[in-house]
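For reference, the structure discussed in these notes is given below.
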Amino acid sequence: MTHETESQEVQKFGFWAYLMTDCVLFASLFATYAVLHNNTFGGPSGHDLFSMPYVLGETFILLVSSYTSGLAMLAVHKQAKNQALAWLGTTFVLGATFLIMELHEFSSLIHDGHSFRTNGFLSSYFTLVGTHGLHITFGLIWMAVLMVQVFKKGLPPKTTSRLTLLNMFWHFLDVIWIFIFTLVYLMAAR
Amino acid sequence: MNTEITQAEGNLTSYTVGFVLSILLTLAAYFSVTQHIFTGNALIIFIAILALVQLVVQLFFFLHLNKMKSRWNAVIFWFMLLIVAILVGGSLWIMKNLNYNMTPAQINAYMNNQDSL
């Protein structure tokens, strides 16, 4: 058992190191956005394009999903399989809702002629927010796979440590979103 | 329940406190912008501080950075912050200087010159 907890600590450390390098990736995209956000080539700026109540809705959905993901981990540690599955399912639905809202936002921007090819501002916007959306997509696939695993095999130590890493990943994506919400949307709306 | 795991992963109280604080901080940032409570640089500094406070809240109550066993977790976290500061601060600094040192006429002349090549 000590060996198992030790190897889980090593896994968590390795995953944490990955998350920190992912932060550097996002930082470079944030820097690109910060440099290019005024280069609208005569087109509308973020102030005219973003709908703030809609973005606030997205933010709350992601925040609640981060909370339910934590509740799922508490159930996992109590070895309560059905409770864990229920919270994971809730997190999945909330995450999928967030993703659909984001894709809807993208498609309506592109539909109105504000695609990523229009100017430097929109290129950097779509790259930054799209990269976050891509992370959410992979998180959802990972979550679906683990839910099947929990459903079939219950909660052995291996599955538990995988769920711990997924939980870290999901919280991390919410942390990144705080900065997208503040630096992209709130800064544009002011 | 294993007490060691409880400590490492937090409990219902810590998650709920983090969740409520995050909601309050998000709402404060949102309404300070939409209701024009501050303007100009004061607003920028205010919402930046709210974002940083929420970062700390989520690191402690959701990711339990303070309860991680290895000191190296904190070390790579601080190293990441250093790299991010250099990357973001450096980019903005360089680009601001470029904008400052080149007039629009110079930029046009430079771009025309590039076209003719």
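Every chain in the structure tokens has a letter given in the order shown (A, B, ...), and although residue numbers restart at 1 in each chain, ligands are simply numbered from 1 in the order shown.
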Proximity check chain B to chain A, 9 Å, nearest pairs one decimal Å, only C-alpha atoms, as JSON lines:
{"residue": "B:Met1", "atom": "CA", "partner": "A:Lys78", "partner_atom": "CA", "distance": 6.3}
{"residue": "B:Asn2", "atom": "CA", "partner": "A:His77", "partner_atom": "CA", "distance": 8.2}
{"residue": "B:Ile5", "atom": "CA", "partner": "A:His77", "partner_atom": "CA", "distance": 7.4}
{"residue": "B:Thr6", "atom": "CA", "partner": "A:His77", "partner_atom": "CA", "distance": 7.9}
{"residue": "B:Glu9", "atom": "CA", "partner": "A:Leu74", "partner_atom": "CA", "distance": 7.7}
{"residue": "B:Gly10", "atom": "CA", "partner": "A:Leu74", "partner_atom": "CA", "distance": 8.2}
{"residue": "B:Asn11", "atom": "CA", "partner": "A:Leu74", "partner_atom": "CA", "distance": 6.9}
{"residue": "B:Leu12", "atom": "CA", "partner": "A:Leu71", "partner_atom": "CA", "distance": 7.2}
{"residue": "B:Tyr15", "atom": "CA", "partner": "A:Tyr67", "partner_atom": "CA", "distance": 6.7}
{"residue": "B:Thr16", "atom": "CA", "partner": "A:Tyr67", "partner_atom": "CA", "distance": 7.6}
{"residue": "B:Gly18", "atom": "CA", "partner": "A:Tyr67", "partner_atom": "CA", "distance": 8.6}
{"residue": "B:Phe19", "atom": "CA", "partner": "A:Tyr67", "partner_atom": "CA", "distance": 6.3}
{"residue": "B:Ser22", "atom": "CA", "partner": "A:Leu63", "partner_atom": "CA", "distance": 7.8}
{"residue": "B:Ile23", "atom": "CA", "partner": "A:Phe60", "partner_atom": "CA", "distance": 7.5}
{"residue": "B:Thr26", "atom": "CA", "partner": "A:Ile178", "partner_atom": "CA", "distance": 8.2}
{"residue": "B:Leu27", "atom": "CA", "partner": "A:Leu56", "partner_atom": "CA", "distance": 8.6}
{"residue": "B:Ala29", "atom": "CA", "partner": "A:Thr182", "partner_atom": "CA", "distance": 7.9}
{"residue": "B:Tyr30", "atom": "CA", "partner": "A:Leu186", "partner_atom": "CA", "distance": 7.1}
{"residue": "B:Val33", "atom": "CA", "partner": "A:Arg190", "partner_atom": "CA", "distance": 5.5}
{"residue": "B:Thr34", "atom": "CA", "partner": "A:Arg190", "partner_atom": "CA", "distance": 7.0}
{"residue": "B:His36", "atom": "CA", "partner": "A:Arg190", "partner_atom": "CA", "distance": 7.6}
{"residue": "B:Thr39", "atom": "CA", "partner": "A:Arg190", "partner_atom": "CA", "distance": 8.0}
{"residue": "B:Gly40", "atom": "CA", "partner": "A:Arg190", "partner_atom": "CA", "distance": 8.6}
{"residue": "B:Leu43", "atom": "CA", "partner": "A:Arg190", "partner_atom": "CA", "distance": 8.2}
{"residue": "B:Ile44", "atom": "CA", "partner": "A:Met187", "partner_atom": "CA", "distance": 7.3}
{"residue": "B:Ile47", "atom": "CA", "partner": "A:Thr182", "partner_atom": "CA", "distance": 6.9}
{"residue": "B:Ala48", "atom": "CA", "partner": "A:Thr182", "partner_atom": "CA", "distance": 7.2}
{"residue": "B:Leu50", "atom": "CA", "partner": "A:Thr182", "partner_atom": "CA", "distance": 8.9}
{"residue": "B:Ala51", "atom": "CA", "partner": "A:Ile178", "partner_atom": "CA", "distance": 6.4}
{"residue": "B:Leu52", "atom": "CA", "partner": "A:Phe179", "partner_atom": "CA", "distance": 8.7}
{"residue": "B:Gln54", "atom": "CA", "partner": "A:Ile178", "partner_atom": "CA", "distance": 7.6}
{"residue": "B:Leu55", "atom": "CA", "partner": "A:Val175", "partner_atom": "CA", "distance": 6.3}
{"residue": "B:Gln58", "atom": "CA", "partner": "A:Val175", "partner_atom": "CA", "distance": 7.0}
{"residue": "B:Leu59", "atom": "CA", "partner": "A:Val175", "partner_atom": "CA", "distance": 8.2}
{"residue": "B:Phe62", "atom": "CA", "partner": "A:His171", "partner_atom": "CA", "distance": 6.6}
{"residue": "B:Leu63", "atom": "CA", "partner": "A:Met168", "partner_atom": "CA", "distance": 6.4}
{"residue": "B:Met68", "atom": "CA", "partner": "A:Glu9", "partner_atom": "CA", "distance": 8.8}
{"residue": "B:Lys69", "atom": "CA", "partner": "A:Glu9", "partner_atom": "CA", "distance": 7.7}
{"residue": "B:Ser70", "atom": "CA", "partner": "A:Phe13", "partner_atom": "CA", "distance": 7.7}
{"residue": "B:Trp72", "atom": "CA", "partner": "A:Phe13", "partner_atom": "CA", "distance": 8.1}
{"residue": "B:Asn73", "atom": "CA", "partner": "A:Phe13", "partner_atom": "CA", "distance": 6.5}
{"residue": "B:Ile76", "atom": "CA", "partner": "A:Ala17", "partner_atom": "CA", "distance": 6.9}
{"residue": "B:Phe77", "atom": "CA", "partner": "A:Met20", "partner_atom": "CA", "distance": 6.5}
{"residue": "B:Phe79", "atom": "CA", "partner": "A:Met20", "partner_atom": "CA", "distance": 8.9}
{"residue": "B:Met80", "atom": "CA", "partner": "A:Met20", "partner_atom": "CA", "distance": 6.0}
{"residue": "B:Leu81", "atom": "CA", "partner": "A:Val24", "partner_atom": "CA", "distance": 8.5}
{"residue": "B:Ile83", "atom": "CA", "partner": "A:Val24", "partner_atom": "CA", "distance": 7.1}
{"residue": "B:Val84", "atom": "CA", "partner": "A:Ala27", "partner_atom": "CA", "distance": 5.8}
{"residue": "B:Ala85", "atom": "CA", "partner": "A:Ala27", "partner_atom": "CA", "distance": 8.7}
{"residue": "B:Leu87", "atom": "CA", "partner": "A:Ser28", "partner_atom": "CA", "distance": 6.6}
{"residue": "B:Val88", "atom": "CA", "partner": "A:Ala31", "partner_atom": "CA", "distance": 4.9}
{"residue": "B:Gly89", "atom": "CA", "partner": "A:Ala31", "partner_atom": "CA", "distance": 8.0}
{"residue": "B:Gly90", "atom": "CA", "partner": "A:Ala31", "partner_atom": "CA", "distance": 9.0}
{"residue": "B:Ser91", "atom": "CA", "partner": "A:Ala31", "partner_atom": "CA", "distance": 6.4}
{"residue": "B:Leu92", "atom": "CA", "partner": "A:Val35", "partner_atom": "CA", "distance": 6.3}
{"residue": "B:Met95", "atom": "CA", "partner": "A:Val35", "partner_atom": "CA", "distance": 6.9}
{"residue": "B:Lys96", "atom": "CA", "partner": "A:Val35", "partner_atom": "CA", "distance": 8.5}
### Task
Using DSSP on the backbone, list every residue of chain B that comes out as helix (DSSP H, G or I), and give them as a PyMOL selection string.
chain B and resi 3-9+12-34+40-61+65-67+71-101+104-116
When you look at range 38-45 of chain A with a cut-off of 10 Å (counting only C-alpha atoms), what residues show up, excluding the ones that are within fewer than 2 positions of it in the same chain? I need them as a compact mmCIF listing (two decimals) with N, CA, C and O atoms, in the first residue's frame.
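What ended up in selection_17.txt:
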# COMPACT_ATOMS: atom_id res chain seq x y z
N TYR A 33 -2.30 37.56 -27.72
CA TYR A 33 -3.57 38.29 -27.71
C TYR A 33 -3.36 39.72 -27.21
O TYR A 33 -3.89 40.68 -27.79
N ALA A 34 -2.57 39.85 -26.13
CA ALA A 34 -2.34 41.19 -25.56
C ALA A 34 -1.69 42.11 -26.59
O ALA A 34 -2.01 43.29 -26.68
N VAL A 35 -0.77 41.55 -27.41
CA VAL A 35 -0.08 42.37 -28.41
C VAL A 35 -1.02 42.72 -29.56
O VAL A 35 -1.00 43.84 -30.07
N LEU A 36 -1.87 41.77 -29.98
CA LEU A 36 -2.66 41.95 -31.20
C LEU A 36 -4.08 42.46 -30.99
O LEU A 36 -4.77 42.74 -31.97
N HIS A 47 -15.30 44.95 -27.80
CA HIS A 47 -16.37 45.67 -27.12
C HIS A 47 -17.70 45.53 -27.86
O HIS A 47 -18.76 45.40 -27.24
N ASP A 48 -17.65 45.52 -29.20
CA ASP A 48 -18.89 45.43 -30.00
C ASP A 48 -19.30 43.98 -30.25
O ASP A 48 -20.45 43.70 -30.56
N LEU A 49 -18.32 43.04 -30.16
CA LEU A 49 -18.60 41.66 -30.59
C LEU A 49 -19.08 40.75 -29.47
O LEU A 49 -19.90 39.87 -29.68
N PHE A 50 -18.54 40.96 -28.24
CA PHE A 50 -18.82 39.99 -27.17
C PHE A 50 -20.12 40.33 -26.45
O PHE A 50 -20.39 41.49 -26.15
N HIS A 114 -17.00 37.66 -38.86
CA HIS A 114 -15.86 37.96 -38.00
C HIS A 114 -15.07 36.67 -37.74
O HIS A 114 -15.01 36.19 -36.62
N THR A 118 -10.14 37.38 -40.37
CA THR A 118 -10.47 38.78 -40.61
C THR A 118 -9.34 39.73 -40.23
O THR A 118 -8.96 40.58 -41.01
N ASN A 119 -8.81 39.58 -39.00
CA ASN A 119 -7.73 40.48 -38.57
C ASN A 119 -6.93 39.84 -37.44
O ASN A 119 -7.26 38.74 -36.97
N GLY A 120 -5.86 40.55 -37.04
CA GLY A 120 -4.98 40.01 -36.00
C GLY A 120 -5.68 39.79 -34.68
O GLY A 120 -5.45 38.78 -34.00
N PHE A 121 -6.58 40.70 -34.33
CA PHE A 121 -7.34 40.56 -33.08
C PHE A 121 -8.12 39.25 -33.07
O PHE A 121 -8.04 38.46 -32.12
N LEU A 122 -8.89 38.99 -34.16
CA LEU A 122 -9.73 37.78 -34.17
C LEU A 122 -8.89 36.51 -34.29
O LEU A 122 -9.23 35.47 -33.70
N SER A 123 -7.76 36.57 -35.03
CA SER A 123 -6.87 35.39 -35.10
C SER A 123 -6.40 35.00 -33.70
O SER A 123 -6.49 33.83 -33.31
N ALA A 188 -12.32 43.83 -22.66
CA ALA A 188 -12.94 44.35 -23.89
C ALA A 188 -14.23 45.09 -23.56
O ALA A 188 -14.58 46.06 -24.23
N ALA A 189 -14.94 44.64 -22.52
CA ALA A 189 -16.26 45.21 -22.24
C ALA A 189 -16.19 46.56 -21.53
O ALA A 189 -17.15 47.31 -21.55
